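Enquirer: Dropping in upload29.cif, with mmCIF, C-alpha atoms.
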```cif
data_final
#
loop_
_atom_site.group_PDB
_atom_site.id
_atom_site.type_symbol
_atom_site.label_atom_id
_atom_site.label_comp_id
_atom_site.auth_asym_id
_atom_site.auth_seq_id
_atom_site.Cartn_x
_atom_site.Cartn_y
_atom_site.Cartn_z
ATOM 1 C CA MET A 264 -1.573 12.410 6.106
ATOM 2 C CA ASN A 265 1.926 13.011 4.697
ATOM 3 C CA TRP A 266 2.390 9.285 4.125
ATOM 4 C CA TYR A 267 -0.843 9.208 2.122
ATOM 5 C CA LEU A 268 0.228 12.138 -0.039
ATOM 6 C CA GLU A 269 3.706 10.683 -0.577
ATOM 7 C CA VAL A 270 2.178 7.498 -1.961
ATOM 8 C CA LEU A 271 -0.093 9.505 -4.250
ATOM 9 C CA LYS A 272 2.939 11.438 -5.541
ATOM 10 C CA LYS A 273 4.467 8.090 -6.542
ATOM 11 C CA TYR A 274 1.281 7.282 -8.464
ATOM 12 C CA VAL A 275 2.523 4.337 -10.551
ATOM 13 C CA VAL A 276 6.007 3.763 -9.122
ATOM 14 C CA PHE A 277 6.510 0.033 -8.738
ATOM 15 C CA SER A 278 10.286 0.082 -8.306
ATOM 16 C CA GLY A 279 12.156 0.656 -5.080
ATOM 17 C CA ARG A 280 11.170 -0.086 -1.518
ATOM 18 C CA ALA A 281 8.579 1.180 0.973
ATOM 19 C CA ARG A 282 8.712 1.066 4.757
ATOM 20 C CA ARG A 283 6.026 -0.649 6.818
ATOM 21 C CA LYS A 284 4.926 2.715 8.143
ATOM 22 C CA GLU A 285 4.449 4.114 4.629
ATOM 23 C CA HIS A 286 2.295 1.174 3.559
ATOM 24 C CA TRP A 287 0.158 0.863 6.677
ATOM 25 C CA MET A 288 -0.388 4.609 7.122
ATOM 26 C CA PHE A 289 -1.546 4.813 3.499
ATOM 27 C CA PHE A 290 -3.805 1.830 4.128
ATOM 28 C CA LEU A 291 -5.287 3.409 7.275
ATOM 29 C CA VAL A 292 -5.961 6.801 5.680
ATOM 30 C CA ASN A 293 -7.367 5.059 2.614
ATOM 31 C CA ILE A 294 -9.842 3.080 4.757
ATOM 32 C CA LEU A 295 -10.958 6.301 6.427
ATOM 33 C CA ALA A 296 -11.297 8.028 3.046
ATOM 34 C CA VAL A 297 -13.364 5.120 1.685
ATOM 35 C CA ALA A 298 -15.707 5.374 4.664
ATOM 36 C CA ILE A 299 -16.082 9.127 4.190
ATOM 37 C CA VAL A 300 -16.619 8.879 0.415
ATOM 38 C CA ALA A 301 -19.167 6.082 0.826
ATOM 39 C CA THR A 302 -21.013 8.056 3.524
ATOM 40 C CA VAL A 303 -21.099 11.194 1.388
ATOM 41 C CA ASP A 304 -22.167 9.113 -1.602
ATOM 42 C CA LEU A 305 -25.060 7.658 0.422
ATOM 43 C CA ALA A 306 -25.996 11.039 1.903
ATOM 44 C CA ILE A 307 -26.355 12.745 -1.465
ATOM 45 C CA GLY A 308 -28.160 9.750 -2.926
ATOM 46 C CA THR A 309 -25.676 8.772 -5.621
ATOM 47 C CA PHE A 310 -24.239 5.687 -3.910
ATOM 48 C CA PRO A 311 -22.734 3.743 -6.755
ATOM 49 C CA LEU A 312 -21.067 6.845 -8.232
ATOM 50 C CA LEU A 313 -18.400 8.479 -6.027
ATOM 51 C CA TYR A 314 -17.144 5.325 -4.320
ATOM 52 C CA PRO A 315 -16.070 3.529 -7.553
ATOM 53 C CA ILE A 316 -14.440 6.711 -8.843
ATOM 54 C CA TYR A 317 -12.377 7.019 -5.654
ATOM 55 C CA PHE A 318 -11.562 3.300 -5.724
ATOM 56 C CA LEU A 319 -10.243 3.522 -9.285
ATOM 57 C CA ALA A 320 -8.304 6.703 -8.488
ATOM 58 C CA VAL A 321 -6.314 5.049 -5.668
ATOM 59 C CA LEU A 322 -6.048 1.541 -7.130
ATOM 60 C CA LEU A 323 -2.674 2.074 -8.832
ATOM 61 C CA PRO A 324 -1.052 3.972 -5.923
ATOM 62 C CA HIS A 325 -2.225 1.248 -3.536
ATOM 63 C CA LEU A 326 -0.843 -1.458 -5.792
ATOM 64 C CA GLY A 327 2.408 0.492 -6.164
ATOM 65 C CA VAL A 328 2.992 0.914 -2.429
ATOM 66 C CA THR A 329 2.112 -2.754 -1.862
ATOM 67 C CA VAL A 330 4.653 -3.884 -4.464
ATOM 68 C CA ARG A 331 7.301 -1.570 -2.992
ATOM 69 C CA ARG A 332 6.517 -2.946 0.489
ATOM 70 C CA LEU A 333 7.004 -6.493 -0.790
ATOM 71 C CA HIS A 334 10.314 -5.386 -2.324
ATOM 72 C CA ASP A 335 11.406 -4.126 1.096
ATOM 73 C CA THR A 336 10.920 -7.625 2.501
ATOM 74 C CA GLY A 337 12.964 -9.112 -0.356
ATOM 75 C CA ARG A 338 9.981 -10.551 -2.236
ATOM 76 C CA SER A 339 8.971 -10.013 -5.814
ATOM 77 C CA GLY A 340 6.080 -7.691 -6.565
ATOM 78 C CA TRP A 341 4.336 -10.667 -8.118
ATOM 79 C CA SER A 342 3.793 -11.932 -4.562
ATOM 80 C CA VAL A 343 0.801 -9.579 -4.469
ATOM 81 C CA LEU A 344 -1.015 -12.274 -6.469
ATOM 82 C CA PHE A 345 -1.153 -14.401 -3.310
ATOM 83 C CA GLY A 346 -4.056 -12.145 -2.370
ATOM 84 C CA LEU A 347 -6.121 -13.797 -5.108
ATOM 85 C CA ILE A 348 -6.072 -17.168 -3.347
ATOM 86 C CA PRO A 349 -9.345 -17.510 -1.419
ATOM 87 C CA VAL A 350 -9.091 -17.246 2.388
ATOM 88 C CA VAL A 351 -5.406 -18.101 2.965
ATOM 89 C CA GLY A 352 -4.024 -15.827 0.245
ATOM 90 C CA GLY A 353 -5.050 -12.681 2.082
ATOM 91 C CA ILE A 354 -3.543 -13.974 5.307
ATOM 92 C CA ILE A 355 -0.251 -14.814 3.559
ATOM 93 C CA LEU A 356 -0.159 -11.368 1.978
ATOM 94 C CA ILE A 357 -0.790 -9.647 5.325
ATOM 95 C CA VAL A 358 2.055 -11.634 6.896
ATOM 96 C CA PHE A 359 4.378 -10.614 4.043
ATOM 97 C CA LEU A 360 3.355 -6.948 4.336
ATOM 98 C CA ALA A 361 3.725 -6.910 8.128
ATOM 99 C CA ALA A 362 7.182 -8.506 8.102
ATOM 100 C CA GLU A 363 10.170 -6.321 8.872
ATOM 101 C CA GLY A 364 12.073 -5.122 5.837
ATOM 102 C CA GLU A 365 15.635 -6.123 5.093
ATOM 103 C CA GLN A 366 18.069 -3.760 6.822
ATOM 104 C CA HIS A 367 20.646 -3.867 4.048
ATOM 105 C CA GLN A 368 20.452 -3.125 0.359
ATOM 106 C CA ASN A 369 18.700 -5.854 -1.590
ATOM 107 C CA ALA A 370 17.945 -6.436 -5.283
ATOM 108 C CA TYR A 371 15.303 -3.685 -5.187
ATOM 109 C CA GLY A 372 17.478 -0.888 -3.796
ATOM 110 C CA PRO A 373 18.783 0.557 -0.557
ATOM 111 C CA SER A 374 16.828 0.330 2.675
ATOM 112 C CA PRO A 375 14.234 3.115 2.973
ATOM 113 C CA LYS A 376 14.665 3.111 6.748
ATOM 114 C CA PRO A 377 17.205 5.676 7.950
ATOM 115 C CA ALA A 378 20.290 4.179 9.527
ATOM 116 C CA ALA A 379 20.411 4.259 13.316
ATOM 117 C CA ALA A 380 22.625 7.078 14.593
ATOM 118 C CA PHE A 381 25.245 6.127 17.139
#
```
How would this structure read if it were set down as structure tokens?

Expert:
Amino acid sequence: MNWYLEVLKKYVVFSGRARRKEHWMFFLVNILAVAIVATVDLAIGTFPLLYPIYFLAVLLPHLGVTVRRLHDTGRSGWSVLFGLIPVVGGIILIVFLAAEGEQHQNAYGPSPKPAAAF
């Protein structure tokens, strides 16, 4: 849950880098929240009301953490547009997001992963 809240605190931060764990934990909690909001929306009989409000509320944080995750892999944030390509675009984007980040500082800042202690 902390990863989810950390992303929400960085509401529209598109600079810097995000670890894999930060991105995928936000994604997981967001999927669970969407399921809960949609279920509640259906249960109270207002289905197309709460779900779009929640979707719009987390759209920018989700885009921000995705761009920061792409920065961690050394790619431009514009790479998120690969997701617009039908079928293969989503697969390409998932591969980019699942790739390990660069261990050293890159053009987008220092590595967000703590250095291994020896």

Enquirer: Which is closest to Ala301 of chain A among A:Ala370, A:Val350, A:Val275, A:Leu313, if we use only C-alpha atoms?

Expert: A:Leu313

Enquirer: The PyMOL selection byres ((chain A and resi 285) around 10) on the file shown: which residues, as a PyMOL selection string?

Expert: chain A and resi 265-267+269-270+281-284+286-290+328-329+331-332+375

Enquirer: In Å, rounded to a single decimal, give me how far atom CA of Ile294 of chain A is from atom CA of Ala306 of chain A.

Expert: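 These two atoms are separated by 18.2 Å.
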
Enquirer: I need the residue nearest Leu295 of chain A from this list: A:Met264, A:Ser278, A:Pro311, A:Ser339. Use all atoms listed in the file for the distance.

Expert: A:Met264

Enquirer: Here's the selection I'm unsure about, the PyMOL selection byres ((chain A and resi 372-374) around 9); applied to the file above, which residues does it give, as a list of chain:residue names?

Expert: A:Ser278, A:Gly279, A:Arg280, A:Ala281, A:Arg282, A:His334, A:Asp335, A:Gly364, A:Glu365, A:Gln366, A:His367, A:Gln368, A:Asn369, A:Ala370, A:Tyr371, A:Pro375, A:Lys376, A:Pro377, A:Ala378

Enquirer: Could you work out how far atom CA of Val300 of chain A lies from atom CA of Leu356 of chain A, giving the answer in Å with one decimal?

Expert: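 Straight-line distance from atom CA of Leu356 of chain A to atom CA of Val300 of chain A works out to 26.1 Å.
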
Enquirer: Quote the spacing between atom CA of Lys272 of chain A and atom CA of Leu347 of chain A in Å to one decimal place.

Expert: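 Straight-line distance from atom CA of Lys272 of chain A to atom CA of Leu347 of chain A works out to 26.8 Å.
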
Enquirer: I need the residue nearest Ile355 of chain A from this list: A:Ile316, A:Ile307, A:Val343, A:Leu271. Use all atoms listed in the file for the distance.

Expert: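 Going through A:Ile316, A:Ile307, A:Val343, A:Leu271 one by one, the smallest distance to Ile355 of chain A is for A:Val343.
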